[in-house]
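Accompanying notes for the structure given below.
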Amino acid sequence: MPTTRLPLLKEDKPKKKMSRKITAILLLLFTALLAVIFFRSSVSRITEINFQGSQYSSREELLSQSKLQIGGQFFAVSTNSVEDSLKELKTIQKATVEKNFPGVISVRIEEYPAVAYELDQAGSLKAILSSGAAVSINETGIAVEKPILTNWDASDPYKAKLCQALGSIPNQLTSDISEIVPSPTLSFPDRIKLYTRSRFEVITAISLLKAKVEYLNQVTETEQPGLIKMLEADSYVPFQPIIEDKEDIQE
């Protein structure tokens with residue numbers, strides 16, 4: 001009599017796809033938990049802020065402008081944003097921000113150079129930067145070769161242009177200039193008068209100063225004190241010598 005074989009019962013296979021999803025979800029939750037713990041820990045915080053190269057802005061001003069603060073999120077700091085914010089200050093020409101983990105931010109600052117000095121209404125001496133900003137003199141002192149600006153209105157737009165012009169001229173070409181006074185005319189609204197340490201009086205215009213300053217130095221180095229005009233054309237006239245009194249001559 002033939003025997004009938006009963007079919008074997010199939011064993012249930014584990015659902016691999018479901019287990020992989022559960023594993024991925026657990027890993028994601030674990031990673032998120034670690035991230036939360038990390039960003040709440042002191043390791044992710046700013047612990048030190050260093051500013052280098054700043055003479056005209058205090059640390060408090062730089063912190064306020066940059067929005068940096070001890071204890072802030074280190075990884076939330078955008079170096080480009082901090083650099084752009086600092087350059088909004090009229091004293092700062094360039095700023096470079098470096099982040100060094102853990103928690104250290106270093107800011108290297110390049111300020112506009114001082115091109116002149118000026119007495120304010122209170123009689124205090126201020127340094128005038130090439131950006132036109134006026135800043136207080138600190139313990140670094142003053143550079144004696146810089147000119148003094150006299151009778152300039154703070155709102156005069158030509159004052160800022162003068163500072164830009166001075167900043168674009170090498171120091172050795174302006175070191176003899178002791179004072180600069182506004183002297184506008186209808187033909188030259190940016191006309192100025194310069195007085196030199198070598199006792200020359202100079203009439204020129206801010207827009208012409210950079211192009212004419214070499215001629216100025218040639219005359220002051222080779223001629224006797226006199227009046228120099230550097231406008232559409234250049235001219236030099238020596239001052240008349242002082243005539244001695246007859247009594248002095250007889251003696």
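How things are named: the first chain in the structure tokens is A, the next is B, and so on; residues count from 1 in each chain; ligands count from 1 in the order shown.
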Every residue of stretch 38-218 of chain A that DSSP places in strand (DSSP E or B), as a PyMOL selection string: chain A and resi 45+48-52+73+92-100+104-111+114-119+125-129+134-136+148-149+177-182+191-196+201-205
task: Identify which of the residues A:Ser81, A:Ser19, A:Ser136, A:Asn100 lies closest to A:Gln55, counting only C-alpha atoms when measuring atom-to-atom distances.
output: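 Distance minimum relative to A:Gln55 lands on A:Ser136.
Counting from atom CA of A:Asp176, the distance to atom CA of A:Asp156 is 24.5 Å.
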task: Please identify all polymer residues within 12 Å of A:Ala134, counting only C-alpha atoms, omitting same-chain residues fewer than 2 positions from it, and present them as a PyMOL selection string.
output: chain A and resi 56-57+89-91+112-120+124-132+136-137+149+154+159-160+163
- prompt: Which residue, A:Lys67, A:Thr96, A:Ser207, A:Ser235, has the smallest gap to A:Leu166 when you use only C-alpha atoms?
  reply: A:Ser207
Give the helix (DSSP H, G or I) residues of stretch 56-247 of chain A, as assigned by DSSP on the backbone, as a JSON list (two decimals) with N, CA and C atoms, in the first residue's frame.
```json
[["chain", "number", "residue", "atom", "x", "y", "z"],
["A", 59, "ARG", "N", 38.09, 96.30, 23.28],
["A", 59, "ARG", "CA", 37.61, 94.92, 23.21],
["A", 59, "ARG", "C", 36.09, 94.88, 23.31],
["A", 60, "GLU", "N", 35.54, 95.75, 24.14],
["A", 60, "GLU", "CA", 34.07, 95.77, 24.30],
["A", 60, "GLU", "C", 33.40, 96.17, 22.99],
["A", 61, "GLU", "N", 33.95, 97.16, 22.28],
["A", 61, "GLU", "CA", 33.38, 97.57, 21.00],
["A", 61, "GLU", "C", 33.45, 96.45, 19.96],
["A", 62, "LEU", "N", 34.57, 95.74, 19.95],
["A", 62, "LEU", "CA", 34.75, 94.66, 18.98],
["A", 62, "LEU", "C", 33.81, 93.49, 19.27],
["A", 63, "LEU", "N", 33.64, 93.17, 20.55],
["A", 63, "LEU", "CA", 32.72, 92.09, 20.92],
["A", 63, "LEU", "C", 31.28, 92.45, 20.55],
["A", 64, "SER", "N", 30.90, 93.69, 20.82],
["A", 64, "SER", "CA", 29.54, 94.13, 20.51],
["A", 64, "SER", "C", 29.28, 94.11, 19.01],
["A", 65, "GLN", "N", 30.26, 94.57, 18.23],
["A", 65, "GLN", "CA", 30.09, 94.63, 16.78],
["A", 65, "GLN", "C", 30.09, 93.24, 16.15],
["A", 66, "SER", "N", 30.92, 92.35, 16.65],
["A", 66, "SER", "CA", 31.05, 91.00, 16.07],
["A", 66, "SER", "C", 29.99, 90.04, 16.56],
["A", 79, "THR", "N", 32.49, 82.69, 10.10],
["A", 79, "THR", "CA", 33.67, 83.56, 10.00],
["A", 79, "THR", "C", 33.43, 84.72, 9.04],
["A", 80, "ASN", "N", 32.76, 84.46, 7.92],
["A", 80, "ASN", "CA", 32.49, 85.53, 6.94],
["A", 80, "ASN", "C", 31.58, 86.60, 7.53],
["A", 81, "SER", "N", 30.57, 86.18, 8.29],
["A", 81, "SER", "CA", 29.64, 87.16, 8.89],
["A", 81, "SER", "C", 30.35, 88.04, 9.91],
["A", 82, "VAL", "N", 31.22, 87.43, 10.71],
["A", 82, "VAL", "CA", 31.96, 88.21, 11.71],
["A", 82, "VAL", "C", 32.90, 89.20, 11.02],
["A", 83, "GLU", "N", 33.58, 88.76, 9.99],
["A", 83, "GLU", "CA", 34.49, 89.65, 9.25],
["A", 83, "GLU", "C", 33.74, 90.82, 8.63],
["A", 84, "ASP", "N", 32.60, 90.55, 8.02],
["A", 84, "ASP", "CA", 31.81, 91.62, 7.40],
["A", 84, "ASP", "C", 31.29, 92.60, 8.44],
["A", 85, "SER", "N", 30.88, 92.09, 9.60],
["A", 85, "SER", "CA", 30.36, 92.96, 10.67],
["A", 85, "SER", "C", 31.45, 93.89, 11.18],
["A", 86, "LEU", "N", 32.66, 93.36, 11.38],
["A", 86, "LEU", "CA", 33.75, 94.18, 11.90],
["A", 86, "LEU", "C", 34.17, 95.25, 10.90],
["A", 157, "PRO", "N", 32.40, 116.90, 3.10],
["A", 157, "PRO", "CA", 32.72, 115.68, 2.34],
["A", 157, "PRO", "C", 34.14, 115.68, 1.80],
["A", 158, "TYR", "N", 34.72, 116.87, 1.61],
["A", 158, "TYR", "CA", 36.09, 116.93, 1.10],
["A", 158, "TYR", "C", 37.12, 116.52, 2.15],
["A", 159, "LYS", "N", 36.73, 116.55, 3.40],
["A", 159, "LYS", "CA", 37.64, 116.10, 4.46],
["A", 159, "LYS", "C", 37.91, 114.61, 4.32],
["A", 160, "ALA", "N", 36.86, 113.83, 4.08],
["A", 160, "ALA", "CA", 37.04, 112.38, 3.88],
["A", 160, "ALA", "C", 37.86, 112.10, 2.63],
["A", 161, "LYS", "N", 37.63, 112.89, 1.56],
["A", 161, "LYS", "CA", 38.41, 112.69, 0.33],
["A", 161, "LYS", "C", 39.87, 113.05, 0.54],
["A", 162, "LEU", "N", 40.12, 114.07, 1.37],
["A", 162, "LEU", "CA", 41.50, 114.44, 1.69],
["A", 162, "LEU", "C", 42.19, 113.29, 2.42],
["A", 163, "CYS", "N", 41.49, 112.68, 3.38],
["A", 163, "CYS", "CA", 42.07, 111.57, 4.14],
["A", 163, "CYS", "C", 42.36, 110.38, 3.22],
["A", 164, "GLN", "N", 41.48, 110.11, 2.29],
["A", 164, "GLN", "CA", 41.72, 109.03, 1.33],
["A", 164, "GLN", "C", 42.94, 109.33, 0.47],
["A", 165, "ALA", "N", 43.05, 110.58, 0.03],
["A", 165, "ALA", "CA", 44.20, 110.97, -0.79],
["A", 165, "ALA", "C", 45.50, 110.83, -0.02],
["A", 166, "LEU", "N", 45.52, 111.29, 1.24],
["A", 166, "LEU", "CA", 46.73, 111.18, 2.06],
["A", 166, "LEU", "C", 47.09, 109.72, 2.29],
["A", 167, "GLY", "N", 46.07, 108.87, 2.46],
["A", 167, "GLY", "CA", 46.33, 107.45, 2.68],
["A", 167, "GLY", "C", 46.91, 106.75, 1.47],
["A", 171, "ASN", "N", 54.35, 107.79, 2.83],
["A", 171, "ASN", "CA", 54.63, 108.69, 3.95],
["A", 171, "ASN", "C", 55.78, 109.65, 3.67],
["A", 172, "GLN", "N", 56.80, 109.18, 2.96],
["A", 172, "GLN", "CA", 57.97, 110.03, 2.74],
["A", 172, "GLN", "C", 57.65, 111.25, 1.87],
["A", 173, "LEU", "N", 56.54, 111.20, 1.13],
["A", 173, "LEU", "CA", 56.17, 112.33, 0.28],
["A", 173, "LEU", "C", 55.30, 113.35, 1.01],
["A", 174, "THR", "N", 54.78, 112.98, 2.16],
["A", 174, "THR", "CA", 53.93, 113.91, 2.92],
["A", 174, "THR", "C", 54.53, 114.28, 4.27],
["A", 206, "ILE", "N", 42.52, 118.88, -3.53],
["A", 206, "ILE", "CA", 42.56, 117.50, -3.05],
["A", 206, "ILE", "C", 42.64, 116.52, -4.22],
["A", 207, "SER", "N", 41.87, 116.80, -5.26],
["A", 207, "SER", "CA", 41.84, 115.90, -6.42],
["A", 207, "SER", "C", 43.16, 115.88, -7.18],
["A", 208, "LEU", "N", 44.02, 116.86, -6.95],
["A", 208, "LEU", "CA", 45.30, 116.95, -7.65],
["A", 208, "LEU", "C", 46.49, 116.56, -6.77],
["A", 209, "LEU", "N", 46.25, 116.41, -5.48],
["A", 209, "LEU", "CA", 47.35, 116.26, -4.53],
["A", 209, "LEU", "C", 48.24, 115.08, -4.85],
["A", 210, "LYS", "N", 47.66, 113.92, -5.12],
["A", 210, "LYS", "CA", 48.47, 112.72, -5.37],
["A", 210, "LYS", "C", 49.36, 112.89, -6.59],
["A", 211, "ALA", "N", 48.82, 113.52, -7.63],
["A", 211, "ALA", "CA", 49.59, 113.69, -8.86],
["A", 211, "ALA", "C", 50.65, 114.79, -8.73],
["A", 212, "LYS", "N", 50.43, 115.76, -7.81],
["A", 212, "LYS", "CA", 51.32, 116.92, -7.73],
["A", 212, "LYS", "C", 52.37, 116.81, -6.61],
["A", 213, "VAL", "N", 52.22, 115.84, -5.72],
["A", 213, "VAL", "CA", 53.05, 115.84, -4.52],
["A", 213, "VAL", "C", 54.53, 115.63, -4.83],
["A", 214, "GLU", "N", 54.86, 114.95, -5.91],
["A", 214, "GLU", "CA", 56.27, 114.78, -6.25],
["A", 214, "GLU", "C", 56.91, 116.12, -6.66],
["A", 215, "TYR", "N", 56.13, 116.94, -7.39],
["A", 215, "TYR", "CA", 56.64, 118.27, -7.74],
["A", 215, "TYR", "C", 56.87, 119.09, -6.48],
["A", 216, "LEU", "N", 55.96, 118.98, -5.53],
["A", 216, "LEU", "CA", 56.11, 119.70, -4.27],
["A", 216, "LEU", "C", 57.43, 119.34, -3.60],
["A", 217, "ASN", "N", 57.74, 118.07, -3.53],
["A", 217, "ASN", "CA", 58.98, 117.65, -2.86],
["A", 217, "ASN", "C", 60.22, 118.09, -3.63],
["A", 218, "GLN", "N", 60.13, 118.12, -4.94],
["A", 218, "GLN", "CA", 61.27, 118.58, -5.72],
["A", 218, "GLN", "C", 61.60, 120.04, -5.41],
["A", 219, "VAL", "N", 60.55, 120.87, -5.27],
["A", 219, "VAL", "CA", 60.76, 122.29, -4.99],
["A", 219, "VAL", "C", 61.26, 122.50, -3.57],
["A", 220, "THR", "N", 60.64, 121.84, -2.59],
["A", 220, "THR", "CA", 61.02, 122.05, -1.19],
["A", 220, "THR", "C", 62.43, 121.56, -0.90],
["A", 221, "GLU", "N", 62.92, 120.61, -1.68],
["A", 221, "GLU", "CA", 64.26, 120.07, -1.46],
["A", 221, "GLU", "C", 65.35, 120.89, -2.15],
["A", 222, "THR", "N", 64.97, 121.70, -3.13],
["A", 222, "THR", "CA", 66.00, 122.40, -3.93],
["A", 222, "THR", "C", 65.90, 123.92, -3.88],
["A", 246, "LYS", "N", 68.07, 150.33, 7.95],
["A", 246, "LYS", "CA", 69.24, 151.11, 7.59],
["A", 246, "LYS", "C", 70.24, 151.15, 8.73],
["A", 247, "GLU", "N", 69.72, 151.26, 9.97],
["A", 247, "GLU", "CA", 70.63, 151.30, 11.12],
["A", 247, "GLU", "C", 71.46, 150.03, 11.18]]
```
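Coordinates place atom CA of A:Ile177 at a distance of 18.2 Å from atom CA of A:Val237.
Ranking A:Gln224, A:Asn50, A:Thr196, A:Thr31 by their shortest atom-to-atom distance to A:Ile70, with only C-alpha atoms included, puts A:Asn50 first.
The environment of A:Ser183 within 10 Å, counting only C-alpha atoms and disregarding residues fewer than 5 places along the same chain, consists of Asn151, Phe188, Pro189, Asp190, Arg191, Ile192, Lys193, Leu194, Ile203, Thr204 and Ala205 of chain A.
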Could you please take those selected residues and save N, CA and C atoms as a tab-separated table (two decimals), in the first residue's frame?
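This went into out.tsv:
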```tsv
chain	number	residue	atom	x	y	z
A	151	ASN	N	40.56	123.95	10.84
A	151	ASN	CA	39.35	124.62	10.33
A	151	ASN	C	38.51	123.73	9.41
A	188	PHE	N	37.65	125.70	-7.87
A	188	PHE	CA	38.18	124.52	-7.18
A	188	PHE	C	37.53	124.41	-5.80
A	189	PRO	N	36.37	123.78	-5.71
A	189	PRO	CA	35.72	123.64	-4.40
A	189	PRO	C	36.51	122.77	-3.43
A	190	ASP	N	37.45	121.99	-3.94
A	190	ASP	CA	38.27	121.16	-3.06
A	190	ASP	C	39.67	121.74	-2.88
A	191	ARG	N	39.81	123.04	-3.11
A	191	ARG	CA	41.12	123.68	-2.97
A	191	ARG	C	41.55	123.70	-1.51
A	192	ILE	N	42.85	123.52	-1.29
A	192	ILE	CA	43.39	123.51	0.07
A	192	ILE	C	44.69	124.31	0.11
A	193	LYS	N	45.06	124.70	1.33
A	193	LYS	CA	46.37	125.31	1.56
A	193	LYS	C	47.18	124.38	2.45
A	194	LEU	N	48.42	124.19	2.07
A	194	LEU	CA	49.33	123.38	2.85
A	194	LEU	C	50.45	124.26	3.39
A	203	ILE	N	49.43	125.96	-2.43
A	203	ILE	CA	48.02	126.00	-2.83
A	203	ILE	C	47.79	124.90	-3.86
A	204	THR	N	46.85	124.01	-3.58
A	204	THR	CA	46.54	122.93	-4.52
A	204	THR	C	45.10	122.49	-4.28
A	205	ALA	N	44.73	121.36	-4.87
A	205	ALA	CA	43.39	120.80	-4.69
A	205	ALA	C	43.51	119.34	-4.28
```
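A straight line drawn from atom CA of A:Gln69 to atom CA of A:Glu110 is 21.1 Å long.
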